[in-house]
file query.txt (compact mmCIF, C-alpha atoms)
# COMPACT_ATOMS: atom_id res chain seq x y z
CA MET A 1 1.62 13.78 37.72
CA SER A 2 1.34 13.53 34.00
CA CYS A 3 3.11 16.08 31.83
CA ALA A 4 1.67 17.24 28.56
CA ILE A 5 3.05 19.51 25.86
CA THR A 6 0.97 22.57 25.17
CA THR A 7 1.53 25.59 23.00
CA HIS A 8 0.29 28.91 24.23
CA LYS A 9 -1.46 30.88 21.49
CA ILE A 10 -1.35 34.21 23.37
CA PHE A 11 2.42 34.75 23.25
CA GLN A 12 3.23 32.33 20.42
CA PRO A 13 6.76 31.42 21.55
CA PRO A 14 9.09 29.77 19.03
CA PHE A 15 9.18 26.63 21.19
CA GLN A 16 6.70 24.37 22.92
CA MET A 17 6.07 24.97 26.60
CA TYR A 18 5.47 22.18 29.08
CA SER A 19 2.66 22.22 31.58
CA CYS A 20 1.66 19.56 34.06
CA GLN A 21 -1.76 18.23 34.79
CA GLN A 22 -2.43 16.36 38.01
CA VAL A 23 -3.81 12.86 37.57
CA LEU A 24 -5.10 11.05 40.63
CA VAL A 25 -3.80 7.52 41.05
CA GLY A 26 -6.01 5.04 42.83
CA LYS A 27 -4.88 3.12 45.88
CA ASN A 28 -3.30 0.41 43.76
CA PRO A 29 -0.01 -0.31 45.59
CA GLU A 30 1.52 -2.09 42.60
CA LEU A 31 0.96 0.90 40.31
CA ILE A 32 2.26 3.31 42.95
CA ALA A 33 5.40 1.18 43.39
CA ILE A 34 6.04 1.13 39.63
CA LEU A 35 5.54 4.89 39.29
CA THR A 36 7.79 5.55 42.28
CA PHE A 37 10.51 3.36 40.77
CA LEU A 38 10.28 5.11 37.40
CA CYS A 39 10.45 8.56 38.99
CA GLU A 40 13.47 7.58 41.10
CA GLN A 41 15.33 6.17 38.08
CA SER A 42 14.54 9.24 36.01
CA HIS A 43 15.90 11.47 38.77
CA LYS A 44 19.07 9.36 39.00
CA LEU A 45 19.66 9.61 35.25
CA THR A 46 19.24 13.37 35.36
CA ASN A 47 21.73 13.66 38.22
CA MET A 48 24.19 11.40 36.40
CA GLY A 49 24.00 13.56 33.27
CA ILE A 50 24.56 16.74 35.25
CA TYR A 51 27.50 15.17 37.11
CA TYR A 52 29.06 13.94 33.86
CA ALA A 53 28.73 17.36 32.20
CA ARG A 54 30.28 19.12 35.21
CA GLN A 55 33.19 16.68 35.37
CA LEU A 56 33.87 17.16 31.67
CA TYR A 57 33.83 20.92 32.11
CA PHE A 58 36.14 20.90 35.14
CA LYS A 59 38.64 18.42 33.66
CA CYS A 60 38.72 19.48 30.00
CA HIS A 61 37.06 22.91 30.01
CA LYS A 62 34.58 21.65 27.42
CA THR A 63 30.83 21.92 27.43
CA LEU A 64 28.49 19.34 25.99
CA GLY A 65 26.22 20.28 23.14
CA LYS A 66 23.00 18.71 22.01
CA PHE A 67 24.68 16.00 19.92
CA ASP A 68 27.83 15.34 21.98
CA ALA A 69 26.70 12.24 23.87
CA GLY A 70 29.56 10.13 22.42
CA ILE A 71 32.38 12.14 24.02
CA SER A 72 34.38 10.28 26.67
CA LEU A 73 36.52 11.60 29.48

call {"tool": "encode", "arguments": {"input": "query.txt", "output": "structure tokens"}}
result
Amino acid sequence: MSCAITTHKIFQPPFQMYSCQQVLVGKNPELIAILTFLCEQSHKLTNMGIYYARQLYFKCHKTLGKFDAGISL
């Protein structure tokens, strides 16, 4: 799946909304392996970020903001 950013003109929200468009991948096993690897790594990074934010909240009762990536436990 390939994600693209679209803005909806009907509601005109103050932010951009994301919509996905399905793209068919041929039977190229090398490409499928690369895409699978990238999706798995992306999922792992997301889970690691969520885990880190929860641990920080439970230990220090702090929440992470948009620009707080440099905070350490």

call {"tool": "atom_distance", "arguments": {"input": "query.txt", "atom1": "atom CA of Val23 of chain A", "atom2": "atom CA of Ser42 of chain A"}}
result
18.8 Å

call {"tool": "atom_distance", "arguments": {"input": "query.txt", "atom1": "atom CA of Thr36 of chain A", "atom2": "atom CA of Leu24 of chain A"}}
result
14.1 Å

call {"tool": "atom_distance", "arguments": {"input": "query.txt", "atom1": "atom CA of His61 of chain A", "atom2": "atom CA of Leu45 of chain A"}}
result
22.5 Å

call {"tool": "residues_around", "arguments": {"input": "query.txt", "residues": "Lys62 of chain A", "least_positions_apart": "2", "cutoff": "12 Å", "atoms": "all atoms listed in the file", "output": "list of chain:residue names"}}
result
A:Tyr52, A:Ala53, A:Arg54, A:Gln55, A:Leu56, A:Tyr57, A:Phe58, A:Lys59, A:Cys60, A:Leu64, A:Gly65, A:Asp68, A:Ile71, A:Ser72, A:Leu73

call {"tool": "write_last_selection", "arguments": {"input": "query.txt", "atoms": "C-alpha atoms", "output": "PDB file, in the frame of the given file"}}
result
ATOM      1  CA  TYR A  52      29.060  13.940  33.860  1.00  0.00           C
ATOM      2  CA  ALA A  53      28.730  17.360  32.200  1.00  0.00           C
ATOM      3  CA  ARG A  54      30.280  19.120  35.210  1.00  0.00           C
ATOM      4  CA  GLN A  55      33.190  16.680  35.370  1.00  0.00           C
ATOM      5  CA  LEU A  56      33.870  17.160  31.670  1.00  0.00           C
ATOM      6  CA  TYR A  57      33.830  20.920  32.110  1.00  0.00           C
ATOM      7  CA  PHE A  58      36.140  20.900  35.140  1.00  0.00           C
ATOM      8  CA  LYS A  59      38.640  18.420  33.660  1.00  0.00           C
ATOM      9  CA  CYS A  60      38.720  19.480  30.000  1.00  0.00           C
ATOM     10  CA  LEU A  64      28.490  19.340  25.990  1.00  0.00           C
ATOM     11  CA  GLY A  65      26.220  20.280  23.140  1.00  0.00           C
ATOM     12  CA  ASP A  68      27.830  15.340  21.980  1.00  0.00           C
ATOM     13  CA  ILE A  71      32.380  12.140  24.020  1.00  0.00           C
ATOM     14  CA  SER A  72      34.380  10.280  26.670  1.00  0.00           C
ATOM     15  CA  LEU A  73      36.520  11.600  29.480  1.00  0.00           C
TER      16      LEU A  73
END

call {"tool": "axis_aligned_box", "arguments": {"input": "query.txt", "around": "segment 52-66 of chain A", "padding_each_side": "3 Å", "output": "lines of an AutoDock Vina configuration file"}}
result
center_x = 30.9
center_y = 18.4
center_z = 28.7
size_x = 21.7
size_y = 15.0
size_z = 19.4
